[in-house]
file upload.pdb (PDB, N, CA and C atoms)
ATOM      1  N   MET A   1       0.844  -1.172   0.000  1.00  0.00           N
ATOM      2  CA  MET A   1       0.000   0.000   0.000  1.00  0.00           C
ATOM      3  C   MET A   1       0.896   1.244   0.000  1.00  0.00           C
ATOM      4  N   PRO A   2       0.699   2.163  -0.930  1.00  0.00           N
ATOM      5  CA  PRO A   2       1.551   3.350  -0.997  1.00  0.00           C
ATOM      6  C   PRO A   2       1.309   4.291   0.174  1.00  0.00           C
ATOM      7  N   HIS A   3       2.375   4.971   0.556  1.00  0.00           N
ATOM      8  CA  HIS A   3       2.269   5.949   1.636  1.00  0.00           C
ATOM      9  C   HIS A   3       1.647   7.233   1.105  1.00  0.00           C
ATOM     10  N   PRO A   4       0.875   7.928   1.958  1.00  0.00           N
ATOM     11  CA  PRO A   4       0.302   9.199   1.516  1.00  0.00           C
ATOM     12  C   PRO A   4       1.407  10.211   1.192  1.00  0.00           C
ATOM     13  N   THR A   5       1.149  11.046   0.220  1.00  0.00           N
ATOM     14  CA  THR A   5       2.116  12.079  -0.137  1.00  0.00           C
ATOM     15  C   THR A   5       1.911  13.292   0.764  1.00  0.00           C
ATOM     16  N   THR A   6       2.870  14.195   0.716  1.00  0.00           N
ATOM     17  CA  THR A   6       2.766  15.424   1.500  1.00  0.00           C
ATOM     18  C   THR A   6       1.491  16.175   1.142  1.00  0.00           C
ATOM     19  N   ASN A   7       1.167  16.234  -0.142  1.00  0.00           N
ATOM     20  CA  ASN A   7      -0.054  16.933  -0.562  1.00  0.00           C
ATOM     21  C   ASN A   7      -1.297  16.298   0.035  1.00  0.00           C
ATOM     22  N   GLU A   8      -1.309  14.976   0.140  1.00  0.00           N
ATOM     23  CA  GLU A   8      -2.465  14.297   0.741  1.00  0.00           C
ATOM     24  C   GLU A   8      -2.587  14.658   2.221  1.00  0.00           C
ATOM     25  N   TYR A   9      -1.453  14.730   2.907  1.00  0.00           N
ATOM     26  CA  TYR A   9      -1.486  15.144   4.312  1.00  0.00           C
ATOM     27  C   TYR A   9      -1.988  16.577   4.429  1.00  0.00           C
ATOM     28  N   LEU A  10      -1.488  17.455   3.568  1.00  0.00           N
ATOM     29  CA  LEU A  10      -1.920  18.854   3.618  1.00  0.00           C
ATOM     30  C   LEU A  10      -3.396  18.988   3.302  1.00  0.00           C
ATOM     31  N   ASP A  11      -3.886  18.207   2.360  1.00  0.00           N
ATOM     32  CA  ASP A  11      -5.314  18.223   2.046  1.00  0.00           C
ATOM     33  C   ASP A  11      -6.133  17.791   3.260  1.00  0.00           C
ATOM     34  N   GLU A  12      -5.664  16.764   3.941  1.00  0.00           N
ATOM     35  CA  GLU A  12      -6.361  16.289   5.143  1.00  0.00           C
ATOM     36  C   GLU A  12      -6.340  17.363   6.229  1.00  0.00           C
ATOM     37  N   TYR A  13      -5.202  18.037   6.406  1.00  0.00           N
ATOM     38  CA  TYR A  13      -5.114  19.127   7.382  1.00  0.00           C
ATOM     39  C   TYR A  13      -6.099  20.236   7.030  1.00  0.00           C
ATOM     40  N   ASP A  14      -6.189  20.571   5.750  1.00  0.00           N
ATOM     41  CA  ASP A  14      -7.132  21.609   5.321  1.00  0.00           C
ATOM     42  C   ASP A  14      -8.566  21.214   5.649  1.00  0.00           C
ATOM     43  N   ARG A  15      -8.912  19.948   5.397  1.00  0.00           N
ATOM     44  CA  ARG A  15     -10.274  19.488   5.692  1.00  0.00           C
ATOM     45  C   ARG A  15     -10.549  19.555   7.199  1.00  0.00           C
ATOM     46  N   GLU A  16      -9.595  19.120   7.989  1.00  0.00           N
ATOM     47  CA  GLU A  16      -9.775  19.153   9.447  1.00  0.00           C
ATOM     48  C   GLU A  16      -9.862  20.590   9.948  1.00  0.00           C
ATOM     49  N   LEU A  17      -9.040  21.451   9.403  1.00  0.00           N
ATOM     50  CA  LEU A  17      -9.080  22.849   9.810  1.00  0.00           C
ATOM     51  C   LEU A  17     -10.420  23.492   9.452  1.00  0.00           C
ATOM     52  N   ASP A  18     -10.928  23.163   8.279  1.00  0.00           N
ATOM     53  CA  ASP A  18     -12.253  23.667   7.886  1.00  0.00           C
ATOM     54  C   ASP A  18     -13.322  23.225   8.888  1.00  0.00           C
ATOM     55  N   LYS A  19     -13.233  21.979   9.354  1.00  0.00           N
ATOM     56  CA  LYS A  19     -14.199  21.474  10.339  1.00  0.00           C
ATOM     57  C   LYS A  19     -14.084  22.238  11.653  1.00  0.00           C
ATOM     58  N   ILE A  20     -12.856  22.501  12.074  1.00  0.00           N
ATOM     59  CA  ILE A  20     -12.638  23.202  13.344  1.00  0.00           C
ATOM     60  C   ILE A  20     -13.175  24.627  13.261  1.00  0.00           C
ATOM     61  N   VAL A  21     -12.865  25.319  12.168  1.00  0.00           N
ATOM     62  CA  VAL A  21     -13.361  26.685  11.989  1.00  0.00           C
ATOM     63  C   VAL A  21     -14.894  26.684  11.933  1.00  0.00           C
ATOM     64  N   ALA A  22     -15.472  25.732  11.250  1.00  0.00           N
ATOM     65  CA  ALA A  22     -16.935  25.643  11.170  1.00  0.00           C
ATOM     66  C   ALA A  22     -17.532  25.419  12.557  1.00  0.00           C
ATOM     67  N   ALA A  23     -16.879  24.579  13.363  1.00  0.00           N
ATOM     68  CA  ALA A  23     -17.371  24.311  14.715  1.00  0.00           C
ATOM     69  C   ALA A  23     -17.279  25.557  15.602  1.00  0.00           C
ATOM     70  N   CYS A  24     -16.451  26.506  15.192  1.00  0.00           N
ATOM     71  CA  CYS A  24     -16.306  27.770  15.928  1.00  0.00           C
ATOM     72  C   CYS A  24     -17.071  28.888  15.230  1.00  0.00           C
ATOM     73  N   ASP A  25     -18.175  28.536  14.595  1.00  0.00           N
ATOM     74  CA  ASP A  25     -19.049  29.493  13.906  1.00  0.00           C
ATOM     75  C   ASP A  25     -18.315  30.315  12.847  1.00  0.00           C
ATOM     76  N   GLY A  26     -17.318  29.706  12.219  1.00  0.00           N
ATOM     77  CA  GLY A  26     -16.601  30.368  11.136  1.00  0.00           C
ATOM     78  C   GLY A  26     -15.566  31.381  11.583  1.00  0.00           C
ATOM     79  N   ASP A  27     -15.312  31.453  12.872  1.00  0.00           N
ATOM     80  CA  ASP A  27     -14.364  32.435  13.408  1.00  0.00           C
ATOM     81  C   ASP A  27     -12.972  31.814  13.530  1.00  0.00           C
ATOM     82  N   PRO A  28     -12.035  32.188  12.650  1.00  0.00           N
ATOM     83  CA  PRO A  28     -10.695  31.601  12.697  1.00  0.00           C
ATOM     84  C   PRO A  28      -9.970  31.879  14.012  1.00  0.00           C
ATOM     85  N   ARG A  29     -10.221  33.054  14.599  1.00  0.00           N
ATOM     86  CA  ARG A  29      -9.567  33.381  15.874  1.00  0.00           C
ATOM     87  C   ARG A  29     -10.041  32.433  16.983  1.00  0.00           C
ATOM     88  N   SER A  30     -11.327  32.161  17.030  1.00  0.00           N
ATOM     89  CA  SER A  30     -11.856  31.211  18.019  1.00  0.00           C
ATOM     90  C   SER A  30     -11.315  29.808  17.771  1.00  0.00           C
ATOM     91  N   ALA A  31     -11.182  29.444  16.496  1.00  0.00           N
ATOM     92  CA  ALA A  31     -10.626  28.130  16.162  1.00  0.00           C
ATOM     93  C   ALA A  31      -9.187  28.027  16.636  1.00  0.00           C
ATOM     94  N   LEU A  32      -8.417  29.090  16.451  1.00  0.00           N
ATOM     95  CA  LEU A  32      -7.027  29.088  16.897  1.00  0.00           C
ATOM     96  C   LEU A  32      -6.945  28.980  18.411  1.00  0.00           C
ATOM     97  N   LYS A  33      -7.800  29.714  19.115  1.00  0.00           N
ATOM     98  CA  LYS A  33      -7.839  29.620  20.579  1.00  0.00           C
ATOM     99  C   LYS A  33      -8.156  28.186  21.008  1.00  0.00           C
ATOM    100  N   ALA A  34      -9.130  27.578  20.348  1.00  0.00           N
ATOM    101  CA  ALA A  34      -9.500  26.202  20.696  1.00  0.00           C
ATOM    102  C   ALA A  34      -8.321  25.250  20.476  1.00  0.00           C
ATOM    103  N   LEU A  35      -7.634  25.412  19.363  1.00  0.00           N
ATOM    104  CA  LEU A  35      -6.480  24.550  19.088  1.00  0.00           C
ATOM    105  C   LEU A  35      -5.365  24.771  20.102  1.00  0.00           C
ATOM    106  N   LEU A  36      -5.149  26.018  20.499  1.00  0.00           N
ATOM    107  CA  LEU A  36      -4.126  26.307  21.508  1.00  0.00           C
ATOM    108  C   LEU A  36      -4.479  25.670  22.851  1.00  0.00           C
ATOM    109  N   LEU A  37      -5.760  25.720  23.217  1.00  0.00           N
ATOM    110  CA  LEU A  37      -6.188  25.095  24.472  1.00  0.00           C
ATOM    111  C   LEU A  37      -6.003  23.575  24.438  1.00  0.00           C
ATOM    112  N   VAL A  38      -6.367  22.971  23.317  1.00  0.00           N
ATOM    113  CA  VAL A  38      -6.188  21.526  23.180  1.00  0.00           C
ATOM    114  C   VAL A  38      -4.711  21.186  23.251  1.00  0.00           C
ATOM    115  N   ASN A  39      -3.872  21.980  22.587  1.00  0.00           N
ATOM    116  CA  ASN A  39      -2.436  21.736  22.618  1.00  0.00           C
ATOM    117  C   ASN A  39      -1.902  21.832  24.048  1.00  0.00           C
ATOM    118  N   GLU A  40      -2.382  22.819  24.789  1.00  0.00           N
ATOM    119  CA  GLU A  40      -1.956  22.981  26.177  1.00  0.00           C
ATOM    120  C   GLU A  40      -2.343  21.759  27.008  1.00  0.00           C
ATOM    121  N   GLN A  41      -3.550  21.263  26.805  1.00  0.00           N
ATOM    122  CA  GLN A  41      -3.988  20.065  27.531  1.00  0.00           C
ATOM    123  C   GLN A  41      -3.124  18.858  27.167  1.00  0.00           C
ATOM    124  N   LEU A  42      -2.827  18.709  25.891  1.00  0.00           N
ATOM    125  CA  LEU A  42      -1.995  17.580  25.459  1.00  0.00           C
ATOM    126  C   LEU A  42      -0.580  17.682  26.024  1.00  0.00           C
ATOM    127  N   GLU A  43      -0.033  18.904  26.096  1.00  0.00           N
ATOM    128  CA  GLU A  43       1.290  19.088  26.694  1.00  0.00           C
ATOM    129  C   GLU A  43       1.271  18.692  28.163  1.00  0.00           C
ATOM    130  N   HIS A  44       0.205  19.050  28.863  1.00  0.00           N
ATOM    131  CA  HIS A  44       0.089  18.685  30.278  1.00  0.00           C
ATOM    132  C   HIS A  44       0.045  17.165  30.443  1.00  0.00           C
ATOM    133  N   ILE A  45      -0.752  16.515  29.622  1.00  0.00           N
ATOM    134  CA  ILE A  45      -0.838  15.053  29.677  1.00  0.00           C
ATOM    135  C   ILE A  45       0.524  14.426  29.385  1.00  0.00           C
ATOM    136  N   LEU A  46       1.203  14.941  28.373  1.00  0.00           N
ATOM    137  CA  LEU A  46       2.522  14.421  28.017  1.00  0.00           C
ATOM    138  C   LEU A  46       3.515  14.608  29.159  1.00  0.00           C
ATOM    139  N   ASN A  47       3.475  15.765  29.806  1.00  0.00           N
ATOM    140  CA  ASN A  47       4.368  16.006  30.941  1.00  0.00           C
ATOM    141  C   ASN A  47       4.071  15.061  32.097  1.00  0.00           C
ATOM    142  N   CYS A  48       2.807  14.800  32.360  1.00  0.00           N
ATOM    143  CA  CYS A  48       2.431  13.856  33.421  1.00  0.00           C
ATOM    144  C   CYS A  48       2.912  12.446  33.097  1.00  0.00           C
ATOM    145  N   LEU A  49       2.713  12.037  31.854  1.00  0.00           N
ATOM    146  CA  LEU A  49       3.175  10.704  31.447  1.00  0.00           C
ATOM    147  C   LEU A  49       4.689  10.599  31.534  1.00  0.00           C
ATOM    148  N   ASN A  50       5.382  11.651  31.143  1.00  0.00           N
ATOM    149  CA  ASN A  50       6.837  11.647  31.213  1.00  0.00           C
ATOM    150  C   ASN A  50       7.305  11.541  32.666  1.00  0.00           C
ATOM    151  N   ALA A  51       6.657  12.262  33.564  1.00  0.00           N
ATOM    152  CA  ALA A  51       7.018  12.196  34.982  1.00  0.00           C
ATOM    153  C   ALA A  51       6.811  10.783  35.523  1.00  0.00           C
ATOM    154  N   GLU A  52       5.716  10.139  35.143  1.00  0.00           N
ATOM    155  CA  GLU A  52       5.470   8.762  35.576  1.00  0.00           C
ATOM    156  C   GLU A  52       6.518   7.809  35.012  1.00  0.00           C
ATOM    157  N   LEU A  53       6.915   8.028  33.774  1.00  0.00           N
ATOM    158  CA  LEU A  53       7.939   7.187  33.164  1.00  0.00           C
ATOM    159  C   LEU A  53       9.273   7.338  33.889  1.00  0.00           C
ATOM    160  N   VAL A  54       9.633   8.556  34.221  1.00  0.00           N
ATOM    161  CA  VAL A  54      10.882   8.794  34.952  1.00  0.00           C
ATOM    162  C   VAL A  54      10.837   8.089  36.303  1.00  0.00           C
ATOM    163  N   LYS A  55       9.711   8.200  37.011  1.00  0.00           N
ATOM    164  CA  LYS A  55       9.567   7.510  38.304  1.00  0.00           C
ATOM    165  C   LYS A  55       9.745   6.006  38.128  1.00  0.00           C
ATOM    166  N   HIS A  56       9.122   5.453  37.112  1.00  0.00           N
ATOM    167  CA  HIS A  56       9.204   4.016  36.855  1.00  0.00           C
ATOM    168  C   HIS A  56      10.640   3.596  36.560  1.00  0.00           C
ATOM    169  N   VAL A  57      11.322   4.353  35.718  1.00  0.00           N
ATOM    170  CA  VAL A  57      12.708   4.014  35.362  1.00  0.00           C
ATOM    171  C   VAL A  57      13.598   4.095  36.593  1.00  0.00           C
ATOM    172  N   LEU A  58      13.439   5.138  37.389  1.00  0.00           N
ATOM    173  CA  LEU A  58      14.259   5.272  38.597  1.00  0.00           C
ATOM    174  C   LEU A  58      13.980   4.144  39.580  1.00  0.00           C
ATOM    175  N   ARG A  59      12.712   3.786  39.738  1.00  0.00           N
ATOM    176  CA  ARG A  59      12.353   2.695  40.643  1.00  0.00           C
ATOM    177  C   ARG A  59      12.968   1.382  40.147  1.00  0.00           C
ATOM    178  N   HIS A  60      12.901   1.144  38.850  1.00  0.00           N
ATOM    179  CA  HIS A  60      13.463  -0.069  38.255  1.00  0.00           C
ATOM    180  C   HIS A  60      14.978  -0.114  38.434  1.00  0.00           C
ATOM    181  N   ARG A  61      15.635   1.018  38.255  1.00  0.00           N
ATOM    182  CA  ARG A  61      17.095   1.066  38.428  1.00  0.00           C
ATOM    183  C   ARG A  61      17.482   0.747  39.854  1.00  0.00           C
ATOM    184  N   ARG A  62      16.738   1.321  40.824  1.00  0.00           N
ATOM    185  CA  ARG A  62      17.046   1.058  42.231  1.00  0.00           C
ATOM    186  C   ARG A  62      16.877  -0.422  42.557  1.00  0.00           C
ATOM    187  N   GLN A  63      15.853  -1.047  41.982  1.00  0.00           N
ATOM    188  CA  GLN A  63      15.590  -2.467  42.247  1.00  0.00           C
ATOM    189  C   GLN A  63      16.699  -3.338  41.661  1.00  0.00           C
ATOM    190  N   THR A  64      17.230  -2.985  40.518  1.00  0.00           N
ATOM    191  CA  THR A  64      18.256  -3.806  39.883  1.00  0.00           C
ATOM    192  C   THR A  64      19.613  -3.610  40.523  1.00  0.00           C
ATOM    193  N   LEU A  65      19.803  -2.501  41.240  1.00  0.00           N
ATOM    194  CA  LEU A  65      21.078  -2.250  41.903  1.00  0.00           C
ATOM    195  C   LEU A  65      21.183  -3.014  43.209  1.00  0.00           C
ATOM    196  N   HIS A  66      20.087  -3.410  43.782  1.00  0.00           N
ATOM    197  CA  HIS A  66      20.098  -4.117  45.090  1.00  0.00           C
ATOM    198  C   HIS A  66      20.129  -5.602  44.918  1.00  0.00           C
TER     199      HIS A  66
END
call {"tool": "encode", "arguments": {"input": "upload.pdb", "output": "structure tokens"}}
result
Amino acid sequence: MPHPTTNEYLDEYDRELDKIVAACDGDPRSALKALLLVNEQLEHILNCLNAELVKHVLRHRRQTLH
């Protein structure tokens, strides 16, 4: 199965962006705010997961040293 081309990805991004703007009553500024908020939430989740991973690795290292 062939991989999507860059243009296909960009077309998909355009379609998704159109949906987001439409969901914000056609206001691009509101759509951008919504995307920024979602990005902030995802960064928080990623930071939490990273902190848990670090704890796990440190705990595992301590167990293997004893």
call {"tool": "atom_distance", "arguments": {"input": "upload.pdb", "atom1": "atom C of Glu12 of chain A", "atom2": "atom C of Asp27 of chain A"}}
result
17.5 Å
call {"tool": "select_by_dssp", "arguments": {"input": "upload.pdb", "residues": "chain A", "states": "alpha helix (DSSP H)", "output": "NGL selection string"}}
result
:A and (6-23 or 28-65)
call {"tool": "atom_distance", "arguments": {"input": "upload.pdb", "atom1": "atom N of Leu32 of chain A", "atom2": "atom N of Asn50 of chain A"}}
result
26.7 Å
call {"tool": "atom_distance", "arguments": {"input": "upload.pdb", "atom1": "atom C of Glu43 of chain A", "atom2": "atom CA of His56 of chain A"}}
result
18.8 Å
call {"tool": "residues_around", "arguments": {"input": "upload.pdb", "residues": "Ser30 of chain A", "least_positions_apart": "5", "cutoff": "7 Å", "atoms": "all atoms listed in the file", "output": "JSON list (two decimals) with N, CA and C atoms, keeping the file's coordinate frame"}}
result
[["chain", "number", "residue", "atom", "x", "y", "z"],
["A", 21, "VAL", "N", -12.86, 25.32, 12.17],
["A", 21, "VAL", "CA", -13.36, 26.68, 11.99],
["A", 21, "VAL", "C", -14.89, 26.68, 11.93],
["A", 24, "CYS", "N", -16.45, 26.51, 15.19],
["A", 24, "CYS", "CA", -16.31, 27.77, 15.93],
["A", 24, "CYS", "C", -17.07, 28.89, 15.23],
["A", 35, "LEU", "N", -7.63, 25.41, 19.36],
["A", 35, "LEU", "CA", -6.48, 24.55, 19.09],
["A", 35, "LEU", "C", -5.36, 24.77, 20.10]]
call {"tool": "closest_residue", "arguments": {"input": "upload.pdb", "among": "A:Arg62, A:Asn7, A:Leu49, A:Lys33", "to": "Ile20 of chain A", "atoms": "only C-alpha atoms"}}
result
A:Lys33
call {"tool": "axis_aligned_box", "arguments": {"input": "upload.pdb", "around": "segment 24-30 of chain A", "padding_each_side": "3 Å", "output": "JSON"}}
result
{"center_x": -14.3, "center_y": 29.9, "center_z": 14.6, "size_x": 15.5, "size_y": 12.9, "size_z": 12.9}
